[in-house]
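Undergrad: I'd like to ask some things about the structure below.
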2 protein chains.
Amino acid sequence: MPTIKDVAARAGVSTATVSRVLNGEKVKEETEKKVIAAIEALGYRPNHIARSLKTQKTQTIGFVVPDFGPFFMQVAEVVEDILNSYGYSLIVCNSNENPAREKERVRMLVEKQVDGLLVVPTSDTASHLREIQQDGTPVVLVDRMVKDMQVDCVLVDNVNGAYQAVEHLVTLGYRRIGLINGRLEVTTGEERYRGFLRVFEDYNLPVDEGLIRTGDFSTESGYTLMKELMGLPDPPPAVFVANYYMTIGAMLAINELGLKIPTDFALVGFDDMELTRLANPPLTAVVQPLQEMGEKAAELIYKRVGGDNTGFPQMYRLKPELVIRHSTSPFWKTKNLEVV
Amino acid sequence: MPTIKDVAARAGVSTATVSRVLNGEKVKEETEKKVIAAIEALGYRPNHIARSLKTQKTQTIGFVVPDFGPFFMQVAEVVEDILNSYGYSLIVCNSNENPAREKERVRMLVEKQVDGLLVVPTSDTASHLREIQQDGTPVVLVDRMVKDMQVDCVLVDNVNGAYQAVEHLVTLGYRRIGLINGRLEVTTGEERYRGFLRVFEDYNLPVDEGLIRTGDFSTESGYTLMKELMGLPDPPPAVFVANYYMTIGAMLAINELGLKIPTDFALVGFDDMELTRLANPPLTAVVQPLQEMGEKAAELIYKRVGGDNTGFPQMYRLKPELVIRHSTSPFWKTKNLEVV
DNA sequence: CTGAAAGCGCTAACAG
DNA sequence: CTGTTAGCGCTTTCAG
């Protein structure tokens with residue numbers, strides 16, 4: 001591999017001059033030509049490592065996600081595209097929905113000297129993130145927030161998303177509505193729970209605590225909890241599942257039990273991957289703006305690593321949308337006509 | 001950030017000594033203690049960039065995948081785990097199933113000085129990969145191979161996978177079998193095509209070229225091609241879809257057309273994500289050993305970056321498995337009882 | 001407008 | 001067993 005020194009020698013200039021043309025600084029046009037010729041002749045490529053050592057910048061952003069599933073990978077994909085277009089590269093790491101492992105991954109990224117960090121926190125306390133931020137690495141939180149930290153974040157309005165879902169069910173005539181939710185220590189779990197409750201409040205309806213289940217966002221827990229709910233002496237005629245993987249698990253359980261939707265009961269899911277549309281019947285679901293989420297996150301971290309701190313701490317609240325398909329129908333149409 | 005110099009000063013030793021304890025070389029126990037104390041007191045963390053500049057190693061592996069979907073992300077997940085356990089980190093990049101973009105991503109990784117490269121090639125010619133390999137960066141191909149290149153690779157026995165699927169259909173009594181396949185310039189497409197044909201050969205059956213469709217591995221093309229097949233004057237009573245995304249697309253089309261599986265016709269899909277099990281009915285499908293694929297790829301590249309070239313070029317051929325579920329039933333049971 | 005020279009933080013001979 | 005020293009390849013004052 002040729003170095004800047006070889007280029008300088010070949011062009012008959014100093015390394016400083018080569019460095020200048022490399023960085024687009026002003027040099028005499030003639031000199032520039034010579035340098036460029038030398039670069040091409042030698043097939044020279046700058047050494048990023050050396051550059052980083054000197055400039056203390058790596059042109060790299062880290063992104064810690066809780067899983068490599070379709071939801072976060074779709075946002076990662078748009079983040080990567082945008083960041084690439086700005087000359088940055090992205091390292092995506094998996095925290096496995098595990099705070100200890102998240103800490104580990106974050107540490108690794110910081111040691112790799114990423115210029116900025118995107119993270120989907122796995123718990124609501126994140127002192128390690130605060131420290132990193134204070135040490136000068138911009139951090140932006142994605143999809144979830146943490147307590148006690150001034151930090152940029154791009155979130156979805158989960159209260160509103162859950163609200164729409166449950167309100168839809170109420171409007172259809174359901175009163176006894178089950179909830180399968182994720183951990184309450186993470187924003188999305190907590191907010192969706194609040195959205196659920198708020199509907200009952202606003203409609204002045206009693207909430208049956210016995211119909212609420214809290215899992216860990218995984219397919220397995222969606223499966224188990226749905227079976228639990230259906231195993232109740234008096235199972236709810238409608239269920240809202242507040243996360244994608246749990247929705248998959250719940251459907252698995254339903255299929256196994258041989259229940260028919262929406263005849264036997266109504267289901268509202270979360271997120272809109274192939275599955276939701278392919279299910280039988282296609283699922284009514286709250287869909288989140290993944291594309292926009294990725295865009296906002298990418299643009300924001302880019303701005304921050306560029307030293308622009310306007311609006312800090314910035315908080316985006318993106319709007320989810322309820323897409324009504326065929327897994328919900330009016331209560332009176334279900335077979336289950338018991339009095340509520 | 002404290003440097004090795006600060007540590008040396010504080011411990012009253014030279015930077016060389018500090019470097020030695022950092023790298024686990026032998027030093028007097030007492031000296032080691034002093035150094036460690038200084039490191040902890042200062043909260044010192046080695047600077048990877050500086051180290052990389054000196055050693056020409058980054059402890060990083062690049063992985064170029066054609067998409068961020070569940071199939072490749074599942075292998076990426078196991079690769080990351082294993083590599084992390086060896087002290088390496090992984091940068092996953094998306095080539096978007098596009099050769100030009102693949103080249104770009106590979107170049108970026110090489111410029112970032114990854115120690116090794118895992119790639120799922122998007123076409124069967126890959127001169128850029130050969131160059132990189134010759135320049136000394138180990139390359140291992142995953143899931144697909146290329147022509148004219150001596151290179152390690154971990155592949156699935158696709159001929160066999162497709163064979164099992166189609167043979168299953170033949171055994172059930174089907175003769176007119178449709179194929180929805182991916183691009184033939186990529187190994188998986190080409191091999192699955194061969195597997196399909198070989199069944200007809202072995203069973204001495206005529207193949208109807210009019211029932212074969214070639215798409216681009218995407219959900220959209222699976223959808224379009226399935227509709228095309230079903231729009232034929234005499235649509236095939238059984239179809240084998242040779243890739244995950246296309247399977248999704250095909251099912252979407254089937255649902256829209258209101259066709260019933262396996263009563264109206266039989267379907268064998270590829271890969272085994274949630275969808276396959278959740279579909280209605282659960283899909284008979286060829287399932288690939290993702291876990292093993294990730295393990296083999298990770299261990300192999302690790303071995304290579306460690307300078308161990310035994311067995312080069314190594315080729316793994318992992319065995320897929322046909323999982324029979326409910327989307328296929330004997331031909332005589334289908335409504336479509338025309339003579340073949 | 002360009003060159004000389006001093007590092008960025010670390011490792012690896014080479015000496016002692 | 002430990003210290004001295006010379007870089008890795010690049011950027012960036014500071015002079016000229």
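Chain lettering (A, B, ...) mirrors the order of the structure tokens, residue numbering begins at 1 for each chain separately, and ligand numbering begins at 1 in order of display.
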Would you give me, as a ChimeraX atom specification, the residues in range 200-326 of chain A that DSSP reads as alpha helix (DSSP H)?
TA: /A:200-202,219-230,244-257,274-278,290-305
Undergrad: Mind dumping a table of every chain C residue within 7 Å of chain A, with the nearest atom pair and its distance in Å to one decimal, using only C-alpha atoms (C1' of nucleotides), sorted by chain and rising number, as JSON lines?
TA:
```
{"residue": "C:DC1", "atom": "C1'", "partner": "A:Val27", "partner_atom": "CA", "distance": 6.4}
{"residue": "C:DT2", "atom": "C1'", "partner": "A:Thr17", "partner_atom": "CA", "distance": 6.8}
{"residue": "C:DG3", "atom": "C1'", "partner": "A:Ser14", "partner_atom": "CA", "distance": 6.1}
{"residue": "C:DC8", "atom": "C1'", "partner": "A:Lys54", "partner_atom": "CA", "distance": 4.6}
```
Undergrad: Compute the chain D side of the contact with chain A at 9 Å, counting only C-alpha atoms (C1' of nucleotides), and hand it back as a list in words.
TA: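 Interface list for chain D against chain A: DC8, DG9, DC10, DT11 and DT12 of chain D.
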Undergrad: Write the residues of the preceding selection, restricted to N, CA, C and O atoms (P, O5', C5', C4', C3', O3' and C1' of nucleotides), as a PDB file, in the first residue's frame.
TA:
```pdb
ATOM      1  P    DC D   8       7.259   4.191   9.252  1.00  0.00           P
ATOM      2  O5'  DC D   8       5.810   3.623   9.579  1.00  0.00           O
ATOM      3  C5'  DC D   8       5.556   2.258   9.888  1.00  0.00           C
ATOM      4  C4'  DC D   8       4.103   2.150  10.274  1.00  0.00           C
ATOM      5  C3'  DC D   8       3.192   3.099   9.504  1.00  0.00           C
ATOM      6  O3'  DC D   8       2.492   2.368   8.501  1.00  0.00           O
ATOM      7  C1'  DC D   8       2.785   3.231  11.900  1.00  0.00           C
ATOM      8  P    DG D   9       2.644   2.825   6.960  1.00  0.00           P
ATOM      9  O5'  DG D   9       1.682   4.089   6.876  1.00  0.00           O
ATOM     10  C5'  DG D   9       0.288   3.912   7.072  1.00  0.00           C
ATOM     11  C4'  DG D   9      -0.360   5.275   7.187  1.00  0.00           C
ATOM     12  C3'  DG D   9      -0.067   6.218   6.025  1.00  0.00           C
ATOM     13  O3'  DG D   9      -1.312   6.712   5.576  1.00  0.00           O
ATOM     14  C1'  DG D   9       0.369   7.276   8.089  1.00  0.00           C
ATOM     15  P    DC D  10      -1.481   7.830   4.503  1.00  0.00           P
ATOM     16  O5'  DC D  10      -1.833   9.081   5.423  1.00  0.00           O
ATOM     17  C5'  DC D  10      -3.094   9.070   6.088  1.00  0.00           C
ATOM     18  C4'  DC D  10      -3.105  10.092   7.195  1.00  0.00           C
ATOM     19  C3'  DC D  10      -3.163  11.541   6.730  1.00  0.00           C
ATOM     20  O3'  DC D  10      -4.505  12.000   6.909  1.00  0.00           O
ATOM     21  C1'  DC D  10      -1.627  11.239   8.543  1.00  0.00           C
ATOM     22  P    DT D  11      -4.894  13.440   6.310  1.00  0.00           P
ATOM     23  O5'  DT D  11      -4.530  14.399   7.522  1.00  0.00           O
ATOM     24  C5'  DT D  11      -5.285  14.277   8.719  1.00  0.00           C
ATOM     25  C4'  DT D  11      -4.775  15.263   9.745  1.00  0.00           C
ATOM     26  C3'  DT D  11      -5.010  16.730   9.406  1.00  0.00           C
ATOM     27  O3'  DT D  11      -5.379  17.328  10.638  1.00  0.00           O
ATOM     28  C1'  DT D  11      -2.727  16.392   9.836  1.00  0.00           C
ATOM     29  P    DT D  12      -6.144  18.705  10.683  1.00  0.00           P
ATOM     30  O5'  DT D  12      -5.057  19.680  11.303  1.00  0.00           O
ATOM     31  C5'  DT D  12      -4.364  19.284  12.480  1.00  0.00           C
ATOM     32  C4'  DT D  12      -3.192  20.210  12.673  1.00  0.00           C
ATOM     33  C3'  DT D  12      -3.425  21.634  12.172  1.00  0.00           C
ATOM     34  O3'  DT D  12      -2.914  22.511  13.148  1.00  0.00           O
ATOM     35  C1'  DT D  12      -1.425  20.790  11.278  1.00  0.00           C
TER      36       DT D  12
END
```
Undergrad: At a cut-off of 7 Å, can you tabulate as a tab-separated table every residue of chain B near chain A together with its closest atom pair and the distance in Å to one decimal, using only C-alpha atoms and ordering rows by chain then number?
TA:
```
residue	atom	partner	partner_atom	distance
B:Asn47	CA	A:Glu111	CA	7.0
B:His48	CA	A:Lys112	CA	6.2
B:Ile49	CA	A:Leu53	CA	5.9
B:Ala50	CA	A:Leu53	CA	6.0
B:Leu53	CA	A:Ile49	CA	5.9
B:Phe68	CA	A:Met73	CA	6.0
B:Gly69	CA	A:Pro70	CA	6.3
B:Pro70	CA	A:Gly69	CA	6.3
B:Met73	CA	A:Phe68	CA	6.0
B:Ile91	CA	A:Ile91	CA	5.2
B:Val92	CA	A:Ile91	CA	6.8
B:Glu111	CA	A:His48	CA	6.8
B:Lys112	CA	A:His48	CA	6.2
B:Leu252	CA	A:Leu278	CA	5.9
B:Leu275	CA	A:Leu275	CA	6.2
B:Leu278	CA	A:Leu252	CA	5.9
B:Ala279	CA	A:Ala279	CA	6.5
B:Asn280	CA	A:Asn280	CA	6.4
```
Undergrad: Restricted to N, CA and C atoms, what would the selected residues look like written as a PDB file, in the first residue's frame?
TA:
```pdb
ATOM      1  N   ASN B  47      -6.137   2.850  23.462  1.00  0.00           N
ATOM      2  CA  ASN B  47      -6.676   3.467  22.262  1.00  0.00           C
ATOM      3  C   ASN B  47      -6.509   2.507  21.081  1.00  0.00           C
ATOM      4  N   HIS B  48      -7.664   1.973  20.660  1.00  0.00           N
ATOM      5  CA  HIS B  48      -7.627   0.973  19.596  1.00  0.00           C
ATOM      6  C   HIS B  48      -7.083   1.507  18.282  1.00  0.00           C
ATOM      7  N   ILE B  49      -7.376   2.757  18.034  1.00  0.00           N
ATOM      8  CA  ILE B  49      -6.931   3.335  16.776  1.00  0.00           C
ATOM      9  C   ILE B  49      -5.408   3.325  16.708  1.00  0.00           C
ATOM     10  N   ALA B  50      -4.804   3.810  17.784  1.00  0.00           N
ATOM     11  CA  ALA B  50      -3.344   3.877  17.809  1.00  0.00           C
ATOM     12  C   ALA B  50      -2.761   2.474  17.680  1.00  0.00           C
ATOM     13  N   LEU B  53      -3.006   1.271  14.166  1.00  0.00           N
ATOM     14  CA  LEU B  53      -2.065   1.933  13.255  1.00  0.00           C
ATOM     15  C   LEU B  53      -0.726   1.206  13.315  1.00  0.00           C
ATOM     16  N   PHE B  68     -31.189  -6.887   4.954  1.00  0.00           N
ATOM     17  CA  PHE B  68     -31.225  -6.963   6.414  1.00  0.00           C
ATOM     18  C   PHE B  68     -32.413  -7.799   6.888  1.00  0.00           C
ATOM     19  N   GLY B  69     -32.877  -8.695   6.072  1.00  0.00           N
ATOM     20  CA  GLY B  69     -34.027  -9.516   6.435  1.00  0.00           C
ATOM     21  C   GLY B  69     -33.662 -10.609   7.427  1.00  0.00           C
ATOM     22  N   PRO B  70     -34.682 -11.339   7.874  1.00  0.00           N
ATOM     23  CA  PRO B  70     -34.491 -12.317   8.947  1.00  0.00           C
ATOM     24  C   PRO B  70     -33.482 -13.409   8.618  1.00  0.00           C
ATOM     25  N   MET B  73     -29.897 -11.898   8.857  1.00  0.00           N
ATOM     26  CA  MET B  73     -29.661 -11.335  10.185  1.00  0.00           C
ATOM     27  C   MET B  73     -29.533 -12.441  11.224  1.00  0.00           C
ATOM     28  N   ILE B  91     -18.838  -5.633  11.486  1.00  0.00           N
ATOM     29  CA  ILE B  91     -19.584  -4.567  10.824  1.00  0.00           C
ATOM     30  C   ILE B  91     -20.419  -5.202   9.730  1.00  0.00           C
ATOM     31  N   VAL B  92     -21.720  -5.087   9.863  1.00  0.00           N
ATOM     32  CA  VAL B  92     -22.618  -5.681   8.874  1.00  0.00           C
ATOM     33  C   VAL B  92     -23.064  -4.606   7.884  1.00  0.00           C
ATOM     34  N   GLU B 111     -11.119  -0.293   3.204  1.00  0.00           N
ATOM     35  CA  GLU B 111     -10.466   0.954   3.593  1.00  0.00           C
ATOM     36  C   GLU B 111     -10.499   1.156   5.102  1.00  0.00           C
ATOM     37  N   LYS B 112     -11.507   0.608   5.708  1.00  0.00           N
ATOM     38  CA  LYS B 112     -11.574   0.661   7.168  1.00  0.00           C
ATOM     39  C   LYS B 112     -10.627  -0.371   7.752  1.00  0.00           C
ATOM     40  N   LEU B 252     -48.983 -14.233  -0.321  1.00  0.00           N
ATOM     41  CA  LEU B 252     -49.794 -13.028  -0.424  1.00  0.00           C
ATOM     42  C   LEU B 252     -50.720 -13.154  -1.636  1.00  0.00           C
ATOM     43  N   LEU B 275     -43.030 -16.853   9.965  1.00  0.00           N
ATOM     44  CA  LEU B 275     -44.082 -16.881   8.983  1.00  0.00           C
ATOM     45  C   LEU B 275     -44.482 -18.271   8.546  1.00  0.00           C
ATOM     46  N   LEU B 278     -46.488 -19.903  11.054  1.00  0.00           N
ATOM     47  CA  LEU B 278     -47.720 -19.201  11.380  1.00  0.00           C
ATOM     48  C   LEU B 278     -48.724 -19.206  10.263  1.00  0.00           C
ATOM     49  N   ALA B 279     -48.251 -19.492   9.098  1.00  0.00           N
ATOM     50  CA  ALA B 279     -49.117 -19.407   7.940  1.00  0.00           C
ATOM     51  C   ALA B 279     -50.298 -20.336   8.151  1.00  0.00           C
ATOM     52  N   ASN B 280     -51.283 -20.140   7.360  1.00  0.00           N
ATOM     53  CA  ASN B 280     -52.486 -20.927   7.479  1.00  0.00           C
ATOM     54  C   ASN B 280     -52.742 -21.603   6.158  1.00  0.00           C
TER      55      ASN B 280
END
```
Undergrad: Which residues are near Pro235 in chain A? Cut-off 10 Å, only C-alpha atoms (C1' of nucleotides), ignore same chain within fewer than 3 positions. Put them as a list in words.
TA: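 Skipping anything fewer than 3 positions along the chain leaves Arg176, Ile177, Gly178, Gly210, Leu211, Met226, Lys227, Glu228, Leu229, Met230, Gly231, Leu232, Ala238, Val239, Phe265 and Asn336 of chain A.
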Undergrad: Could you dump the residues just selected with N, CA, C and O atoms as a PDB file, in the first residue's frame?
TA:
```
ATOM      1  N   ARG A 176     -64.561  -6.213  27.762  1.00  0.00           N
ATOM      2  CA  ARG A 176     -63.527  -7.015  28.428  1.00  0.00           C
ATOM      3  C   ARG A 176     -62.402  -7.239  27.425  1.00  0.00           C
ATOM      4  O   ARG A 176     -62.479  -8.096  26.558  1.00  0.00           O
ATOM      5  N   ILE A 177     -61.355  -6.434  27.568  1.00  0.00           N
ATOM      6  CA  ILE A 177     -60.278  -6.465  26.577  1.00  0.00           C
ATOM      7  C   ILE A 177     -58.975  -6.898  27.229  1.00  0.00           C
ATOM      8  O   ILE A 177     -58.560  -6.339  28.254  1.00  0.00           O
ATOM      9  N   GLY A 178     -58.342  -7.898  26.652  1.00  0.00           N
ATOM     10  CA  GLY A 178     -57.075  -8.376  27.198  1.00  0.00           C
ATOM     11  C   GLY A 178     -55.915  -7.545  26.682  1.00  0.00           C
ATOM     12  O   GLY A 178     -55.987  -6.960  25.599  1.00  0.00           O
ATOM     13  N   GLY A 210     -57.302  -8.590  35.750  1.00  0.00           N
ATOM     14  CA  GLY A 210     -57.022  -9.995  35.486  1.00  0.00           C
ATOM     15  C   GLY A 210     -56.783 -10.315  34.015  1.00  0.00           C
ATOM     16  O   GLY A 210     -56.339 -11.405  33.666  1.00  0.00           O
ATOM     17  N   LEU A 211     -57.054  -9.336  33.178  1.00  0.00           N
ATOM     18  CA  LEU A 211     -56.902  -9.564  31.738  1.00  0.00           C
ATOM     19  C   LEU A 211     -55.611  -8.956  31.194  1.00  0.00           C
ATOM     20  O   LEU A 211     -55.359  -8.959  29.993  1.00  0.00           O
ATOM     21  N   MET A 226     -50.788 -15.520  25.705  1.00  0.00           N
ATOM     22  CA  MET A 226     -52.063 -15.677  25.010  1.00  0.00           C
ATOM     23  C   MET A 226     -52.725 -16.970  25.458  1.00  0.00           C
ATOM     24  O   MET A 226     -53.939 -17.010  25.682  1.00  0.00           O
ATOM     25  N   LYS A 227     -51.941 -18.013  25.620  1.00  0.00           N
ATOM     26  CA  LYS A 227     -52.522 -19.268  26.096  1.00  0.00           C
ATOM     27  C   LYS A 227     -53.092 -19.088  27.502  1.00  0.00           C
ATOM     28  O   LYS A 227     -54.154 -19.623  27.832  1.00  0.00           O
ATOM     29  N   GLU A 228     -52.356 -18.331  28.299  1.00  0.00           N
ATOM     30  CA  GLU A 228     -52.797 -18.054  29.656  1.00  0.00           C
ATOM     31  C   GLU A 228     -54.159 -17.370  29.620  1.00  0.00           C
ATOM     32  O   GLU A 228     -55.107 -17.791  30.302  1.00  0.00           O
ATOM     33  N   LEU A 229     -54.245 -16.343  28.808  1.00  0.00           N
ATOM     34  CA  LEU A 229     -55.485 -15.582  28.695  1.00  0.00           C
ATOM     35  C   LEU A 229     -56.637 -16.483  28.213  1.00  0.00           C
ATOM     36  O   LEU A 229     -57.752 -16.430  28.723  1.00  0.00           O
ATOM     37  N   MET A 230     -56.358 -17.298  27.247  1.00  0.00           N
ATOM     38  CA  MET A 230     -57.400 -18.155  26.684  1.00  0.00           C
ATOM     39  C   MET A 230     -57.753 -19.307  27.615  1.00  0.00           C
ATOM     40  O   MET A 230     -58.785 -19.946  27.454  1.00  0.00           O
ATOM     41  N   GLY A 231     -56.872 -19.536  28.571  1.00  0.00           N
ATOM     42  CA  GLY A 231     -57.131 -20.616  29.514  1.00  0.00           C
ATOM     43  C   GLY A 231     -57.966 -20.151  30.698  1.00  0.00           C
ATOM     44  O   GLY A 231     -58.344 -20.938  31.571  1.00  0.00           O
ATOM     45  N   LEU A 232     -58.214 -18.866  30.737  1.00  0.00           N
ATOM     46  CA  LEU A 232     -59.010 -18.304  31.827  1.00  0.00           C
ATOM     47  C   LEU A 232     -60.425 -18.894  31.810  1.00  0.00           C
ATOM     48  O   LEU A 232     -60.942 -19.254  30.762  1.00  0.00           O
ATOM     49  N   ALA A 238     -61.611 -10.064  23.215  1.00  0.00           N
ATOM     50  CA  ALA A 238     -60.746  -9.231  22.370  1.00  0.00           C
ATOM     51  C   ALA A 238     -59.424  -9.040  23.084  1.00  0.00           C
ATOM     52  O   ALA A 238     -59.372  -8.934  24.311  1.00  0.00           O
ATOM     53  N   VAL A 239     -58.341  -9.031  22.308  1.00  0.00           N
ATOM     54  CA  VAL A 239     -57.020  -8.831  22.909  1.00  0.00           C
ATOM     55  C   VAL A 239     -56.199  -7.853  22.081  1.00  0.00           C
ATOM     56  O   VAL A 239     -56.231  -7.889  20.846  1.00  0.00           O
ATOM     57  N   PHE A 265     -62.932 -14.423  18.336  1.00  0.00           N
ATOM     58  CA  PHE A 265     -62.621 -13.193  19.068  1.00  0.00           C
ATOM     59  C   PHE A 265     -61.774 -12.246  18.221  1.00  0.00           C
ATOM     60  O   PHE A 265     -61.348 -12.588  17.104  1.00  0.00           O
ATOM     61  N   ASN A 336     -69.220 -15.358  20.770  1.00  0.00           N
ATOM     62  CA  ASN A 336     -69.116 -15.249  22.205  1.00  0.00           C
ATOM     63  C   ASN A 336     -70.039 -14.154  22.736  1.00  0.00           C
ATOM     64  O   ASN A 336     -69.619 -13.052  23.027  1.00  0.00           O
TER      65      ASN A 336
END
```
Undergrad: Neighbouring residues of range 118-133 of chain A were defined as those with any atom within 8 Å, considering only C-alpha atoms (C1' of nucleotides); residues of the same chain fewer than 2 positions away were excluded. Please report them as a compact mmCIF listing (two decimals) with N, CA, C and O atoms, in the first residue's frame.
TA:
```
# COMPACT_ATOMS: atom_id res chain seq x y z
N ILE A 61 -20.54 5.68 13.15
CA ILE A 61 -21.59 5.81 14.16
C ILE A 61 -21.95 4.40 14.63
O ILE A 61 -21.99 3.48 13.83
N GLY A 62 -22.19 4.26 15.91
CA GLY A 62 -22.61 2.96 16.43
C GLY A 62 -24.12 2.95 16.65
O GLY A 62 -24.72 3.98 16.92
N PHE A 63 -24.72 1.78 16.50
CA PHE A 63 -26.17 1.66 16.70
C PHE A 63 -26.42 0.38 17.50
O PHE A 63 -26.14 -0.72 17.00
N VAL A 64 -26.89 0.53 18.71
CA VAL A 64 -27.15 -0.65 19.53
C VAL A 64 -28.64 -0.95 19.55
O VAL A 64 -29.43 -0.13 20.04
N VAL A 65 -29.01 -2.07 18.99
CA VAL A 65 -30.41 -2.47 18.95
C VAL A 65 -30.64 -3.68 19.85
O VAL A 65 -29.70 -4.43 20.11
N PRO A 66 -31.85 -3.87 20.32
CA PRO A 66 -32.11 -4.98 21.24
C PRO A 66 -32.24 -6.33 20.53
O PRO A 66 -32.23 -7.36 21.19
N SER A 95 -27.93 -5.92 21.57
CA SER A 95 -27.85 -5.99 23.03
C SER A 95 -28.69 -7.14 23.58
O SER A 95 -28.72 -7.35 24.79
N GLU A 97 -31.69 -7.36 24.20
CA GLU A 97 -32.70 -6.91 25.17
C GLU A 97 -32.18 -7.08 26.61
O GLU A 97 -32.95 -7.30 27.54
N ASN A 98 -30.89 -6.98 26.76
CA ASN A 98 -30.25 -7.27 28.03
C ASN A 98 -29.34 -6.10 28.46
O ASN A 98 -28.34 -5.82 27.81
N PRO A 99 -29.71 -5.43 29.56
CA PRO A 99 -28.97 -4.23 29.97
C PRO A 99 -27.46 -4.44 30.14
O PRO A 99 -26.67 -3.57 29.76
N GLU A 102 -25.99 -4.65 26.81
CA GLU A 102 -26.06 -3.34 26.18
C GLU A 102 -24.85 -2.50 26.60
O GLU A 102 -24.19 -1.86 25.78
N LYS A 103 -24.59 -2.51 27.87
CA LYS A 103 -23.48 -1.75 28.43
C LYS A 103 -22.17 -2.18 27.76
O LYS A 103 -21.35 -1.35 27.37
N VAL A 110 -17.60 2.69 22.11
CA VAL A 110 -16.88 3.88 22.57
C VAL A 110 -15.38 3.65 22.45
O VAL A 110 -14.63 4.54 22.03
N GLY A 116 -20.42 8.95 17.22
CA GLY A 116 -21.72 9.16 17.81
C GLY A 116 -22.40 7.82 18.03
O GLY A 116 -21.99 6.81 17.46
N ASP A 135 -18.66 12.64 28.34
CA ASP A 135 -17.30 12.57 27.82
C ASP A 135 -17.22 13.08 26.38
O ASP A 135 -16.17 13.00 25.75
N GLY A 136 -18.35 13.54 25.85
CA GLY A 136 -18.28 14.19 24.55
C GLY A 136 -18.77 13.42 23.34
O GLY A 136 -18.70 13.92 22.23
N THR A 137 -19.24 12.20 23.55
CA THR A 137 -19.78 11.46 22.41
C THR A 137 -21.28 11.70 22.32
O THR A 137 -22.01 11.36 23.25
N PRO A 138 -21.76 12.27 21.23
CA PRO A 138 -23.19 12.50 21.11
C PRO A 138 -23.96 11.17 21.16
O PRO A 138 -23.51 10.19 20.58
N VAL A 139 -25.08 11.20 21.85
CA VAL A 139 -25.91 10.01 21.96
C VAL A 139 -27.32 10.38 21.55
O VAL A 139 -27.82 11.43 21.96
N VAL A 140 -27.96 9.58 20.72
CA VAL A 140 -29.38 9.78 20.53
C VAL A 140 -30.11 8.48 20.74
O VAL A 140 -29.70 7.42 20.29
N LEU A 141 -31.17 8.58 21.52
CA LEU A 141 -31.97 7.42 21.87
C LEU A 141 -33.02 7.18 20.80
O LEU A 141 -33.61 8.12 20.28
N VAL A 142 -33.25 5.93 20.50
CA VAL A 142 -34.20 5.58 19.47
C VAL A 142 -35.28 4.65 20.04
O VAL A 142 -34.95 3.70 20.76
N ASP A 143 -36.52 4.97 19.74
CA ASP A 143 -37.67 4.14 20.10
C ASP A 143 -38.02 4.14 21.58
O ASP A 143 -39.16 3.91 21.95
N ARG A 144 -37.01 4.35 22.44
CA ARG A 144 -37.26 4.32 23.87
C ARG A 144 -36.45 5.40 24.54
O ARG A 144 -35.40 5.79 24.05
N MET A 145 -36.91 5.86 25.70
CA MET A 145 -36.15 6.87 26.41
C MET A 145 -35.72 6.33 27.77
O MET A 145 -36.06 5.22 28.14
N VAL A 146 -34.95 7.13 28.49
CA VAL A 146 -34.54 6.72 29.83
C VAL A 146 -34.86 7.87 30.79
O VAL A 146 -35.06 9.00 30.36
N LYS A 147 -34.88 7.54 32.05
CA LYS A 147 -35.16 8.57 33.06
C LYS A 147 -33.88 9.33 33.37
O LYS A 147 -32.78 8.82 33.16
N ASP A 148 -34.04 10.51 33.95
CA ASP A 148 -32.88 11.23 34.49
C ASP A 148 -31.77 11.47 33.50
O ASP A 148 -30.60 11.34 33.83
N MET A 149 -32.12 11.77 32.29
CA MET A 149 -31.04 12.06 31.35
C MET A 149 -31.55 13.04 30.32
O MET A 149 -32.60 12.84 29.73
N GLU A 185 -40.49 -1.41 32.32
CA GLU A 185 -39.30 -0.56 32.49
C GLU A 185 -38.84 0.00 31.17
O GLU A 185 -37.91 0.77 31.13
N VAL A 186 -39.41 -0.47 30.07
CA VAL A 186 -39.00 0.20 28.85
C VAL A 186 -40.15 1.05 28.36
O VAL A 186 -41.32 0.71 28.51
N THR A 187 -39.75 2.21 27.84
CA THR A 187 -40.71 3.21 27.43
C THR A 187 -41.90 2.66 26.69
O THR A 187 -43.05 2.98 26.98
N ALA A 297 -33.51 9.82 13.21
CA ALA A 297 -32.37 9.41 14.02
C ALA A 297 -31.06 9.70 13.30
O ALA A 297 -30.11 10.25 13.87
N ILE A 301 -28.27 12.50 14.63
CA ILE A 301 -26.93 12.15 15.09
C ILE A 301 -25.89 12.79 14.17
O ILE A 301 -24.83 13.24 14.62
```
